[in-house]
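The data block below is coords_33.tsv; it holds TSV, C-alpha atoms.
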```
chain	number	residue	atom	x	y	z
A	1	MET	CA	-48.49	121.34	84.74
A	2	VAL	CA	-51.93	122.39	83.53
A	3	SER	CA	-54.85	122.26	85.96
A	4	ILE	CA	-58.53	123.24	86.10
A	5	GLU	CA	-60.96	123.97	88.91
A	6	VAL	CA	-64.23	121.98	89.08
A	7	LEU	CA	-66.61	122.40	92.03
A	8	GLY	CA	-63.77	123.74	94.09
A	9	LEU	CA	-61.51	120.78	93.30
A	10	THR	CA	-58.21	121.18	91.49
A	11	ILE	CA	-57.83	118.63	88.67
A	12	LEU	CA	-54.30	118.19	87.35
A	13	GLU	CA	-53.67	117.12	83.75
A	14	PRO	CA	-57.36	116.94	82.78
A	15	SER	CA	-56.54	115.61	79.30
A	16	ASN	CA	-54.67	112.73	80.93
A	17	LEU	CA	-57.73	111.91	83.02
A	18	LEU	CA	-59.95	112.03	79.93
A	19	THR	CA	-57.79	109.75	77.77
A	20	ASN	CA	-57.44	107.28	80.65
A	21	LEU	CA	-61.21	107.23	80.83
A	22	VAL	CA	-61.34	106.45	77.09
A	23	ILE	CA	-59.19	103.35	77.70
A	24	SER	CA	-61.38	102.33	80.64
A	25	VAL	CA	-64.63	102.56	78.72
A	26	ALA	CA	-63.20	100.67	75.73
A	27	CYS	CA	-61.87	97.89	77.98
A	28	TRP	CA	-65.18	97.52	79.81
A	29	VAL	CA	-67.10	97.37	76.54
A	30	TRP	CA	-64.82	94.60	75.28
A	31	ALA	CA	-65.07	92.72	78.58
A	32	HIS	CA	-68.87	92.94	78.43
A	33	ARG	CA	-68.98	91.70	74.83
A	34	LEU	CA	-66.81	88.70	75.67
A	35	ARG	CA	-69.15	87.82	78.53
A	36	ARG	CA	-72.31	88.46	76.51
A	37	GLY	CA	-71.07	86.11	73.81
A	38	GLY	CA	-71.04	83.21	76.28
A	39	ALA	CA	-67.27	83.35	76.56
A	40	ALA	CA	-67.38	83.19	80.36
A	41	GLU	CA	-67.86	79.43	80.03
A	42	VAL	CA	-64.52	79.06	78.26
A	43	SER	CA	-61.40	79.52	80.35
A	44	LEU	CA	-59.27	81.08	77.61
A	45	GLN	CA	-61.73	83.88	76.93
A	46	GLN	CA	-62.70	84.22	80.56
A	47	GLY	CA	-59.13	85.17	81.37
A	48	TRP	CA	-59.09	87.80	78.66
A	49	ARG	CA	-62.46	89.14	79.82
A	50	LEU	CA	-60.95	89.67	83.26
A	51	PHE	CA	-57.87	91.22	81.66
A	52	PHE	CA	-59.98	93.89	79.97
A	53	ALA	CA	-62.20	94.44	83.01
A	54	LEU	CA	-59.24	94.89	85.38
A	55	MET	CA	-57.32	97.01	82.89
A	56	GLY	CA	-60.37	99.25	82.73
A	57	VAL	CA	-60.29	99.61	86.50
A	58	SER	CA	-56.55	100.23	86.43
A	59	THR	CA	-56.70	103.01	83.85
A	60	LEU	CA	-59.63	104.67	85.61
A	61	LEU	CA	-57.72	104.68	88.89
A	62	GLY	CA	-54.61	105.84	87.05
A	63	GLY	CA	-56.44	108.77	85.52
A	64	MET	CA	-57.91	109.71	88.89
A	65	ALA	CA	-54.48	109.39	90.49
A	66	HIS	CA	-53.08	111.92	88.03
A	67	GLY	CA	-56.08	114.23	88.13
A	68	PHE	CA	-56.53	114.22	91.91
A	69	ASP	CA	-52.90	113.78	92.90
A	70	LEU	CA	-53.16	116.71	95.32
A	71	TYR	CA	-55.73	114.78	97.36
A	72	PHE	CA	-54.74	111.10	97.03
A	73	GLY	CA	-50.97	111.22	96.71
A	74	LYS	CA	-49.01	108.18	95.57
A	75	GLY	CA	-51.30	105.55	97.08
A	76	LEU	CA	-53.87	105.65	94.28
A	77	HIS	CA	-51.12	105.37	91.68
A	78	VAL	CA	-49.81	102.20	93.32
A	79	LEU	CA	-53.31	100.73	93.54
A	80	ALA	CA	-53.82	101.39	89.83
A	81	TRP	CA	-50.49	99.73	89.04
A	82	SER	CA	-51.45	96.71	91.14
A	83	MET	CA	-54.68	96.30	89.15
A	84	SER	CA	-52.68	96.52	85.94
A	85	GLY	CA	-50.39	93.76	87.14
A	86	LEU	CA	-53.37	91.58	88.05
A	87	ALA	CA	-54.81	92.14	84.57
A	88	VAL	CA	-51.54	90.98	83.03
A	89	LEU	CA	-51.62	87.90	85.28
A	90	TYR	CA	-55.04	86.93	83.92
A	91	ALA	CA	-53.83	87.40	80.35
A	92	GLU	CA	-50.89	85.12	81.10
A	93	THR	CA	-53.14	82.54	82.76
A	94	ALA	CA	-55.55	82.53	79.83
A	95	THR	CA	-52.65	82.08	77.43
A	96	VAL	CA	-50.85	79.18	79.11
A	97	LEU	CA	-54.08	77.16	79.49
A	98	ALA	CA	-53.59	76.08	75.88
A	99	VAL	CA	-49.98	74.99	76.39
A	100	ARG	CA	-48.89	71.38	76.14
A	101	PRO	CA	-47.55	69.36	77.92
A	102	ARG	CA	-49.24	69.75	81.28
A	103	ARG	CA	-45.95	70.00	83.20
A	104	LEU	CA	-44.86	73.00	81.12
A	105	ARG	CA	-48.27	74.59	81.58
A	106	LEU	CA	-48.04	74.24	85.36
A	107	TRP	CA	-44.52	75.64	85.36
A	108	LEU	CA	-45.60	78.71	83.38
A	109	GLN	CA	-48.59	79.25	85.67
A	110	GLY	CA	-46.30	79.09	88.69
A	111	PHE	CA	-43.87	81.52	87.07
A	112	SER	CA	-46.70	84.00	86.40
A	113	LEU	CA	-47.94	83.86	89.97
A	114	VAL	CA	-44.46	84.28	91.50
A	115	LYS	CA	-43.72	87.14	89.12
A	116	TYR	CA	-46.92	88.93	90.11
A	117	LEU	CA	-46.24	88.54	93.83
A	118	ALA	CA	-42.71	89.87	93.35
A	119	PHE	CA	-44.14	92.75	91.33
A	120	LEU	CA	-46.58	93.63	94.10
A	121	LEU	CA	-43.82	93.59	96.69
A	122	LEU	CA	-41.57	95.82	94.61
A	123	VAL	CA	-44.18	98.30	93.45
A	124	TRP	CA	-45.66	98.84	96.93
A	125	HIS	CA	-42.21	99.12	98.50
A	126	THR	CA	-40.63	101.45	95.93
A	127	GLU	CA	-43.70	103.20	94.42
A	128	ASP	CA	-41.78	103.15	91.15
A	129	PHE	CA	-43.53	102.88	87.76
A	130	PHE	CA	-40.47	101.14	86.37
A	131	TYR	CA	-41.69	97.82	87.78
A	132	VAL	CA	-45.04	98.25	86.03
A	133	LYS	CA	-43.25	98.51	82.70
A	134	MET	CA	-41.04	95.57	83.57
A	135	ASN	CA	-43.97	93.37	84.60
A	136	SER	CA	-45.96	94.22	81.48
A	137	SER	CA	-42.94	93.59	79.25
A	138	LEU	CA	-42.21	90.19	80.79
A	139	GLY	CA	-45.88	89.22	80.84
A	140	LEU	CA	-47.33	90.55	77.59
A	141	LEU	CA	-44.34	91.01	75.27
A	142	GLY	CA	-42.62	87.99	76.78
A	143	LEU	CA	-44.76	85.14	77.99
A	144	VAL	CA	-48.05	85.90	76.19
A	145	SER	CA	-46.58	86.91	72.81
A	146	ILE	CA	-44.06	84.07	72.61
A	147	THR	CA	-46.64	81.48	73.68
A	148	LYS	CA	-49.30	82.81	71.30
A	149	LEU	CA	-46.80	82.92	68.45
A	150	TYR	CA	-45.90	79.29	69.10
A	151	LEU	CA	-49.55	78.27	69.22
A	152	PHE	CA	-50.21	80.12	65.99
A	153	VAL	CA	-47.25	78.60	64.13
A	154	ARG	CA	-47.49	75.08	65.58
A	155	TRP	CA	-51.26	74.65	65.86
A	156	ARG	CA	-52.61	77.45	63.63
A	157	MET	CA	-54.57	78.62	66.66
A	158	GLU	CA	-57.25	81.06	65.53
A	159	GLY	CA	-56.95	84.51	67.04
A	160	ALA	CA	-53.41	84.00	68.36
A	161	GLY	CA	-51.86	86.01	65.54
A	162	ALA	CA	-54.11	89.01	66.19
A	163	VAL	CA	-53.29	88.91	69.91
A	164	VAL	CA	-49.56	88.94	69.13
A	165	LEU	CA	-50.04	91.81	66.66
A	166	GLY	CA	-52.01	93.83	69.20
A	167	ILE	CA	-49.36	93.35	71.86
A	168	ALA	CA	-46.64	94.30	69.37
A	169	LEU	CA	-48.53	97.53	68.68
A	170	LEU	CA	-48.07	98.42	72.36
A	171	LEU	CA	-44.47	99.17	71.43
A	172	LEU	CA	-45.72	102.32	69.66
A	173	PRO	CA	-47.01	104.10	72.79
A	174	ALA	CA	-43.94	102.86	74.68
A	175	ALA	CA	-41.64	104.43	72.07
A	176	LEU	CA	-43.70	107.61	72.00
A	177	HIS	CA	-43.57	107.82	75.78
A	178	ALA	CA	-39.79	107.44	75.65
A	179	THR	CA	-39.40	110.28	73.13
A	180	ARG	CA	-41.93	112.49	74.99
A	181	PHE	CA	-43.31	113.77	71.68
A	182	SER	CA	-46.36	115.96	72.29
A	183	LEU	CA	-48.71	117.83	69.99
A	184	ASP	CA	-49.29	120.30	72.80
A	185	ASP	CA	-47.25	120.45	76.00
A	186	GLU	CA	-50.34	121.14	78.11
A	187	TRP	CA	-53.51	119.83	76.48
A	188	PHE	CA	-52.36	116.93	74.27
A	189	THR	CA	-49.14	115.49	75.63
A	190	TYR	CA	-47.24	112.30	74.86
A	191	ASN	CA	-49.25	110.62	77.61
A	192	ASP	CA	-52.53	111.42	75.86
A	193	ILE	CA	-51.30	110.23	72.46
A	194	SER	CA	-49.93	107.06	74.05
A	195	HIS	CA	-53.29	106.34	75.67
A	196	LEU	CA	-55.09	106.55	72.33
A	197	LEU	CA	-52.54	104.22	70.75
A	198	ILE	CA	-53.12	101.79	73.63
A	199	VAL	CA	-56.83	101.75	72.76
A	200	LEU	CA	-55.91	100.80	69.19
A	201	ALA	CA	-53.55	98.04	70.33
A	202	PHE	CA	-56.06	96.62	72.83
A	203	GLY	CA	-58.71	96.68	70.11
A	204	VAL	CA	-56.56	94.40	67.96
A	205	VAL	CA	-55.98	92.10	70.96
A	206	TYR	CA	-59.74	91.98	71.54
A	207	SER	CA	-60.37	91.01	67.91
A	208	GLY	CA	-58.10	88.02	68.44
A	209	THR	CA	-59.68	86.95	71.73
A	210	LEU	CA	-63.05	86.67	70.01
A	211	LYS	CA	-61.74	83.63	68.11
A	212	LEU	CA	-60.03	81.86	70.99
A	213	ASP	CA	-63.14	79.95	72.12
A	214	LEU	CA	-63.41	77.60	69.14
A	215	ALA	CA	-59.64	77.51	68.82
A	216	ALA	CA	-59.26	76.22	72.38
A	217	LEU	CA	-61.79	73.45	71.78
A	218	ARG	CA	-60.09	72.36	68.57
A	219	LEU	CA	-56.71	72.44	70.23
A	220	ARG	CA	-57.75	70.05	72.99
A	221	ARG	CA	-59.93	67.62	71.05
A	222	PRO	CA	-58.55	64.69	69.04
A	223	ARG	CA	-58.21	65.42	65.34
A	224	GLY	CA	-60.66	62.69	64.45
A	225	THR	CA	-63.32	64.37	66.58
A	226	VAL	CA	-62.84	67.64	64.76
A	227	ARG	CA	-63.03	65.97	61.35
A	228	GLN	CA	-66.16	64.07	62.40
A	229	GLU	CA	-67.84	67.25	63.59
A	230	SER	CA	-66.80	69.07	60.41
A	231	GLY	CA	-68.35	66.27	58.35
A	232	GLN	CA	-71.58	66.42	60.29
A	233	GLN	CA	-71.78	70.20	59.81
A	234	ALA	CA	-71.16	69.79	56.09
A	235	GLY	CA	-73.92	67.20	55.89
A	236	GLU	CA	-76.36	69.57	57.54
```
Produce C-alpha cells that represent the structure in this file.
Amino acid sequence: MVSIEVLGLTILEPSNLLTNLVISVACWVWAHRLRRGGAAEVSLQQGWRLFFALMGVSTLLGGMAHGFDLYFGKGLHVLAWSMSGLAVLYAETATVLAVRPRRLRLWLQGFSLVKYLAFLLLVWHTEDFFYVKMNSSLGLLGLVSITKLYLFVRWRMEGAGAVVLGIALLLLPAALHATRFSLDDEWFTYNDISHLLIVLAFGVVYSGTLKLDLAALRLRRPRGTVRQESGQQAGE
C-alpha cells in the first residue's frame, strides 16, 4: 500500500483520498445549485439536494478514513458509510413522494426507513462494507430506479429517465471494482477509476433532478389545470 508523509502525518492511498475529494466537491456543487435554483421549496428536489450534500460528506469522510486509517481506525469508515446510507434514504424519500396512491407511498416510505435502521444496526455491528453495497443496491438500483422508470413510462415524468440512466451507470464502477482493474497498482487503482466513474454517473442523475420541480407540479395537478396554464402561457 502506497503512502506519503505530510507534516509528519502518514497518509495512506493518497490518490484514493484525492478522488474521494473530487466526488465530494462535485456533490456539494450540485447540492448548492439545486438550492440556488429555488428547489428547496419543492420536496422532490429538496430530497435530492440532501442526497448530494450527504453523499459529499460521506465521500469526504471515506477518503479521510482511507488516508488516515492509522489514526482513526474503522470508526471513521463506519461513519462515512452511515452518511452514505442516509443520503440514499433521502433519494428514496424524494422519489416516492410522487407515487400514487397515498397508501402505496406511505408503505414505501416506511420500507425505506426500516431498511435504513436495519442497515445502521448491521453496519455498526459488523463494520462490513458489504451492507453498504446491499443498501445502495436495494435503494438506488431497486426502489428509486424502478419507481422512476414507472413514473417516466406511466406519466412521462420529466427528468425521471435521466435519473434512471445515471443510477444504471453506477453499475460501471461496481463492475470495475469487482474486476479490480487498475491502470497503476499504486497511484491509479480500481478505486480511483471507480470514483471518477461515480462522478460521471452522479452528474447524469443531477441533470435529471433539475427537471423534477415542474414535473412534480404537473404530476399532482389536474390535467385541466395544466392545459389552462399552458393556454395562458401561449397567450402571453
Selected residue, from A:Leu121, A:Ile11, A:Val2, A:Ala53, that lies nearest to Ala26 of chain A when counting all atoms listed in the file: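 Using all atoms listed in the file, Ala26 of chain A sits closest to A:Ala53.
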Please tabulate, as a tab-separated table, the residues of segment 47-72 of chain A that come within 12 Å of segment 195-201 of chain A, each with its closest pair of atoms and the distance in Å to one decimal, counting all atoms listed in the file and ordering rows by chain, then residue number upward.
```
residue	atom	partner	partner_atom	distance
A:Phe52	CA	A:Val199	CA	11.1
A:Met55	CA	A:Val199	CA	11.2
A:Gly56	CA	A:Val199	CA	10.9
A:Thr59	CA	A:His195	CA	9.5
A:Leu60	CA	A:His195	CA	11.9
A:Gly62	CA	A:His195	CA	11.5
A:Gly63	CA	A:His195	CA	10.6
```
Coordinates-based distance that separates atom CA of Thr10 of chain A from atom CA of Met64 of chain A (Å, one decimal):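 Spanning atom CA of Met64 of chain A to atom CA of Thr10 of chain A is a straight-line distance of 11.8 Å.
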Surrounding residues of segment 162-174 of chain A excluding itself and chain neighbours under 3 positions, 7 Å, only C-alpha atoms, as a ChimeraX atom specification: /A:140-141,145,148-149,159,177-178,194,197-198,201-202,204-205,207-209
Pick from A:Ala91, A:Leu113, A:Leu176, A:Val29 nearest to Gln45 of chain A, counting all atoms listed in the file: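 Under the stated criterion, the closest residue is A:Ala91.
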Nearest to Val22 of chain A, chosen from A:Val57, A:Leu108, A:Ala98, A:Glu186, with all atoms listed in the file counted in the distances: A:Val57
Of the listed residues A:Gly85, A:Pro14, A:Gly75, A:Gly67, that which approaches Tyr116 of chain A most closely, counting all atoms listed in the file: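 Closest to Tyr116 of chain A, using all atoms listed in the file: A:Gly85.
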